[in-house]
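What follows is entry-v8.pdb (PDB, C-alpha atoms).
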```pdb
ATOM      1  CA  MET A 421    -124.050  72.793 218.562  1.00  0.00           C
ATOM      2  CA  ILE A 422    -125.588  70.999 215.576  1.00  0.00           C
ATOM      3  CA  ARG A 423    -122.613  68.601 215.525  1.00  0.00           C
ATOM      4  CA  TYR A 424    -123.331  67.517 219.130  1.00  0.00           C
ATOM      5  CA  TYR A 425    -126.985  67.007 218.289  1.00  0.00           C
ATOM      6  CA  TYR A 426    -126.111  64.653 215.405  1.00  0.00           C
ATOM      7  CA  PHE A 427    -123.613  62.791 217.587  1.00  0.00           C
ATOM      8  CA  PHE A 428    -126.249  62.303 220.308  1.00  0.00           C
ATOM      9  CA  ILE A 429    -128.801  60.991 217.782  1.00  0.00           C
ATOM     10  CA  ALA A 430    -126.231  58.568 216.306  1.00  0.00           C
ATOM     11  CA  VAL A 431    -125.292  57.172 219.727  1.00  0.00           C
ATOM     12  CA  LEU A 432    -128.958  56.860 220.673  1.00  0.00           C
ATOM     13  CA  LEU A 433    -129.750  54.923 217.502  1.00  0.00           C
ATOM     14  CA  LEU A 434    -126.803  52.567 217.954  1.00  0.00           C
ATOM     15  CA  THR A 435    -127.603  51.735 221.572  1.00  0.00           C
ATOM     16  CA  ALA A 436    -131.360  51.451 221.075  1.00  0.00           C
ATOM     17  CA  CYS A 437    -130.948  48.646 218.541  1.00  0.00           C
ATOM     18  CA  VAL A 438    -129.420  46.155 220.994  1.00  0.00           C
ATOM     19  CA  ASN A 439    -131.671  43.147 221.635  1.00  0.00           C
ATOM     20  CA  LYS A 440    -130.755  42.192 225.203  1.00  0.00           C
ATOM     21  CA  ARG A 441    -132.168  38.660 224.879  1.00  0.00           C
ATOM     22  CA  ASP A 442    -130.635  37.750 221.533  1.00  0.00           C
ATOM     23  CA  LYS A 443    -129.467  34.122 221.411  1.00  0.00           C
ATOM     24  CA  SER A 444    -127.793  34.140 217.998  1.00  0.00           C
ATOM     25  CA  ASP A 445    -124.184  34.607 219.168  1.00  0.00           C
ATOM     26  CA  PHE A 446    -123.440  31.735 221.575  1.00  0.00           C
ATOM     27  CA  ARG A 447    -120.303  32.333 223.644  1.00  0.00           C
ATOM     28  CA  SER A 448    -119.901  29.459 226.119  1.00  0.00           C
ATOM     29  CA  SER A 449    -121.604  27.221 228.624  1.00  0.00           C
ATOM     30  CA  PHE A 450    -120.511  25.650 231.876  1.00  0.00           C
ATOM     31  CA  LYS A 451    -121.975  23.275 234.449  1.00  0.00           C
ATOM     32  CA  SER A 452    -123.425  25.028 237.483  1.00  0.00           C
ATOM     33  CA  CYS A 453    -124.879  22.349 239.781  1.00  0.00           C
ATOM     34  CA  ASN A 454    -127.452  19.512 239.814  1.00  0.00           C
ATOM     35  CA  ASN A 455    -126.883  18.928 236.069  1.00  0.00           C
ATOM     36  CA  LEU A 456    -127.770  22.568 235.357  1.00  0.00           C
ATOM     37  CA  THR A 457    -125.898  24.566 232.763  1.00  0.00           C
ATOM     38  CA  THR A 458    -125.289  28.296 232.506  1.00  0.00           C
ATOM     39  CA  GLU A 459    -125.242  29.483 228.889  1.00  0.00           C
ATOM     40  CA  LEU A 460    -123.663  32.790 227.847  1.00  0.00           C
ATOM     41  CA  TYR A 461    -124.594  34.710 224.688  1.00  0.00           C
ATOM     42  CA  ARG A 462    -123.013  37.899 223.371  1.00  0.00           C
ATOM     43  CA  VAL A 463    -125.603  40.572 222.575  1.00  0.00           C
ATOM     44  CA  TYR A 464    -123.235  43.463 221.909  1.00  0.00           C
ATOM     45  CA  GLY A 465    -119.577  43.439 220.937  1.00  0.00           C
ATOM     46  CA  GLY A 466    -117.777  46.569 222.082  1.00  0.00           C
ATOM     47  CA  GLY A 467    -114.799  45.980 219.828  1.00  0.00           C
ATOM     48  CA  ALA A 468    -111.909  48.351 220.411  1.00  0.00           C
ATOM     49  CA  LEU A 469    -114.084  50.853 222.265  1.00  0.00           C
ATOM     50  CA  GLY A 470    -115.271  48.668 225.131  1.00  0.00           C
ATOM     51  CA  GLY A 471    -116.184  45.279 226.470  1.00  0.00           C
ATOM     52  CA  ASP A 472    -118.859  42.864 225.369  1.00  0.00           C
ATOM     53  CA  LEU A 473    -122.372  42.684 226.794  1.00  0.00           C
ATOM     54  CA  LEU A 474    -123.406  39.137 227.628  1.00  0.00           C
ATOM     55  CA  THR A 475    -126.667  37.512 228.681  1.00  0.00           C
ATOM     56  CA  ALA A 476    -126.817  34.507 230.989  1.00  0.00           C
ATOM     57  CA  TYR A 477    -129.398  31.729 230.975  1.00  0.00           C
ATOM     58  CA  LEU A 478    -129.758  28.878 233.470  1.00  0.00           C
ATOM     59  CA  THR A 479    -131.067  25.668 231.898  1.00  0.00           C
ATOM     60  CA  ASP A 480    -131.327  21.937 232.265  1.00  0.00           C
ATOM     61  CA  SER A 481    -131.659  21.707 228.441  1.00  0.00           C
ATOM     62  CA  THR A 482    -134.956  19.788 228.471  1.00  0.00           C
ATOM     63  CA  ASN A 483    -137.404  21.306 230.962  1.00  0.00           C
ATOM     64  CA  PHE A 484    -136.644  25.016 231.291  1.00  0.00           C
ATOM     65  CA  ARG A 485    -134.381  27.928 230.339  1.00  0.00           C
ATOM     66  CA  MET A 486    -134.418  30.923 232.682  1.00  0.00           C
ATOM     67  CA  TYR A 487    -133.044  34.369 231.819  1.00  0.00           C
ATOM     68  CA  LEU A 488    -130.633  35.491 234.563  1.00  0.00           C
ATOM     69  CA  GLY A 489    -129.641  38.893 233.255  1.00  0.00           C
ATOM     70  CA  LEU A 490    -127.354  41.130 231.250  1.00  0.00           C
ATOM     71  CA  PHE A 491    -123.781  41.865 232.297  1.00  0.00           C
ATOM     72  CA  ASP A 492    -120.440  42.992 230.925  1.00  0.00           C
ATOM     73  CA  ASP A 493    -117.025  41.304 231.014  1.00  0.00           C
ATOM     74  CA  ALA A 494    -116.206  42.392 234.581  1.00  0.00           C
ATOM     75  CA  ASP A 495    -119.477  41.230 236.167  1.00  0.00           C
ATOM     76  CA  GLY A 496    -121.519  38.047 236.153  1.00  0.00           C
ATOM     77  CA  TYR A 497    -123.769  35.534 237.880  1.00  0.00           C
ATOM     78  CA  PHE A 498    -122.927  32.649 240.189  1.00  0.00           C
ATOM     79  CA  CYS A 499    -125.277  29.739 240.948  1.00  0.00           C
ATOM     80  CA  GLU A 500    -125.302  27.480 243.994  1.00  0.00           C
ATOM     81  CA  CYS A 501    -127.588  24.534 244.715  1.00  0.00           C
ATOM     82  CA  ASN A 502    -128.830  23.438 248.124  1.00  0.00           C
ATOM     83  CA  GLY A 503    -131.027  20.420 247.478  1.00  0.00           C
ATOM     84  CA  ASP A 504    -134.068  21.686 245.536  1.00  0.00           C
ATOM     85  CA  THR A 505    -133.172  25.364 246.017  1.00  0.00           C
ATOM     86  CA  ILE A 506    -131.114  27.248 243.426  1.00  0.00           C
ATOM     87  CA  VAL A 507    -129.453  30.435 244.673  1.00  0.00           C
ATOM     88  CA  VAL A 508    -128.410  32.889 241.941  1.00  0.00           C
ATOM     89  CA  LYS A 509    -125.985  35.604 243.034  1.00  0.00           C
ATOM     90  CA  GLU A 510    -125.240  38.685 240.944  1.00  0.00           C
ATOM     91  CA  MET A 511    -121.584  39.735 241.134  1.00  0.00           C
ATOM     92  CA  LYS A 512    -120.169  43.203 240.425  1.00  0.00           C
ATOM     93  CA  THR A 513    -116.553  44.332 240.302  1.00  0.00           C
ATOM     94  CA  THR A 514    -115.808  47.402 242.408  1.00  0.00           C
ATOM     95  CA  ASP A 515    -113.480  50.222 241.382  1.00  0.00           C
ATOM     96  CA  SER A 516    -110.753  48.711 243.571  1.00  0.00           C
ATOM     97  CA  GLY A 517    -110.975  45.396 241.677  1.00  0.00           C
ATOM     98  CA  TYR A 518    -112.796  43.298 244.281  1.00  0.00           C
ATOM     99  CA  ARG A 519    -115.905  41.323 243.415  1.00  0.00           C
ATOM    100  CA  LYS A 520    -118.944  41.672 245.623  1.00  0.00           C
ATOM    101  CA  ILE A 521    -122.454  40.224 245.679  1.00  0.00           C
ATOM    102  CA  VAL A 522    -125.064  42.868 244.877  1.00  0.00           C
ATOM    103  CA  GLY A 523    -128.164  40.700 244.546  1.00  0.00           C
ATOM    104  CA  THR A 524    -129.455  37.247 245.422  1.00  0.00           C
ATOM    105  CA  ARG A 525    -132.454  35.355 244.040  1.00  0.00           C
ATOM    106  CA  LYS A 526    -133.766  31.922 245.079  1.00  0.00           C
ATOM    107  CA  PHE A 527    -135.701  29.454 242.926  1.00  0.00           C
ATOM    108  CA  SER A 528    -137.146  25.997 243.425  1.00  0.00           C
ATOM    109  CA  LEU A 529    -135.836  23.480 240.883  1.00  0.00           C
ATOM    110  CA  ASN A 530    -139.121  21.529 240.979  1.00  0.00           C
ATOM    111  CA  GLU A 531    -141.136  24.709 240.318  1.00  0.00           C
ATOM    112  CA  LEU A 532    -138.919  25.660 237.372  1.00  0.00           C
ATOM    113  CA  LYS A 533    -139.356  22.195 235.865  1.00  0.00           C
ATOM    114  CA  LYS A 534    -143.114  22.300 236.488  1.00  0.00           C
ATOM    115  CA  GLN A 535    -143.509  25.736 234.836  1.00  0.00           C
ATOM    116  CA  GLY A 536    -141.443  24.658 231.821  1.00  0.00           C
ATOM    117  CA  LYS A 537    -140.643  28.189 230.613  1.00  0.00           C
ATOM    118  CA  PHE A 538    -138.096  28.730 227.871  1.00  0.00           C
ATOM    119  CA  GLU A 539    -137.127  32.396 227.921  1.00  0.00           C
TER     120      GLU A 539
END
```

Full structure transcribed into structure tokens:
Amino acid sequence: MIRYYYFFIAVLLLTACVNKRDKSDFRSSFKSCNNLTTELYRVYGGGALGGDLLTAYLTDSTNFRMYLGLFDDADGYFCECNGDTIVVKEMKTTDSGYRKIVGTRKFSLNELKKQGKFE
């Protein structure tokens, strides 16, 4: 019983130390739309035991950087632009291997530039 208690404490300490908005380990970036870029950073490397945890940021590199969220290798975010409106869709992979949209958020590009937040 004591052995399980120590194992639980060790796992708790290892998972509690993950900074979910860490930008020190840059992974990649790609163009989304309207000269916007999605940047990916690794916040936790699973190694041989599991996949990586990544954070996604949407930015235009000069006016704003917006935190989209945390996801693993099988999931992610997809951005579409319709004029001034940016639609961010959160994708999840089901057990059968299909990807589905589980959440949608809309933002105004002019409002994001006006606010000027760098998260």

So which residues get picked by the PyMOL selection byres ((chain A and resi 511-527) around 10) here, written as a PyMOL selection string?
-> chain A and resi 488+491-501+504-510+528-532

What separates atom CA of Gly465 of chain A and atom CA of Phe428 of chain A is a distance of 20.0 Å

With all atoms listed in the file as the atoms that count, which of A:Tyr425, A:Leu456, A:Lys534, A:Ser448 lies nearest to Ser481 of chain A?
->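 The answer is A:Leu456, which sits nearest to Ser481 of chain A.
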
So, counting all atoms listed in the file, which residue among A:Met486, A:Lys533, A:Leu478, A:Gly466 is closest to Ser449 of chain A?
->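 Distance minimum relative to Ser449 of chain A lands on A:Leu478.
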
Tell me which of A:Leu490, A:Thr457, A:Thr479, A:Gly503 sits closest to Gly536 of chain A, counting all atoms listed in the file.
->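 That would be A:Thr479, the residue with the smallest distance to Gly536 of chain A.
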
Just give me the gap between atom CA of Leu469 of chain A and atom CA of Ile422 of chain A in Å, one decimal is fine.
-> 24.1 Å

Take atom CA of Asn483 of chain A and atom CA of Asn455 of chain A and report the distance between them in Å, one decimal.
->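 These two atoms are separated by 11.9 Å.
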
Apply the PyMOL selection byres ((chain A and resi 462) around 7) to the displayed file and report the matching residues as a tab-separated table (two decimals) with C-alpha atoms, in the frame of the given file.
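What ended up in expr_39.tsv:
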```tsv
chain	number	residue	atom	x	y	z
A	445	ASP	CA	-124.18	34.61	219.17
A	446	PHE	CA	-123.44	31.74	221.58
A	447	ARG	CA	-120.30	32.33	223.64
A	460	LEU	CA	-123.66	32.79	227.85
A	461	TYR	CA	-124.59	34.71	224.69
A	463	VAL	CA	-125.60	40.57	222.58
A	464	TYR	CA	-123.24	43.46	221.91
A	465	GLY	CA	-119.58	43.44	220.94
A	472	ASP	CA	-118.86	42.86	225.37
A	473	LEU	CA	-122.37	42.68	226.79
A	474	LEU	CA	-123.41	39.14	227.63
A	475	THR	CA	-126.67	37.51	228.68
```

4 Å per side around segment 472-483 of chain A: axis-aligned box centre and edge lengths, as JSON:
```
{"center_x": -128.1, "center_y": 31.3, "center_z": 229.4, "size_x": 26.5, "size_y": 31.1, "size_z": 16.1}
```
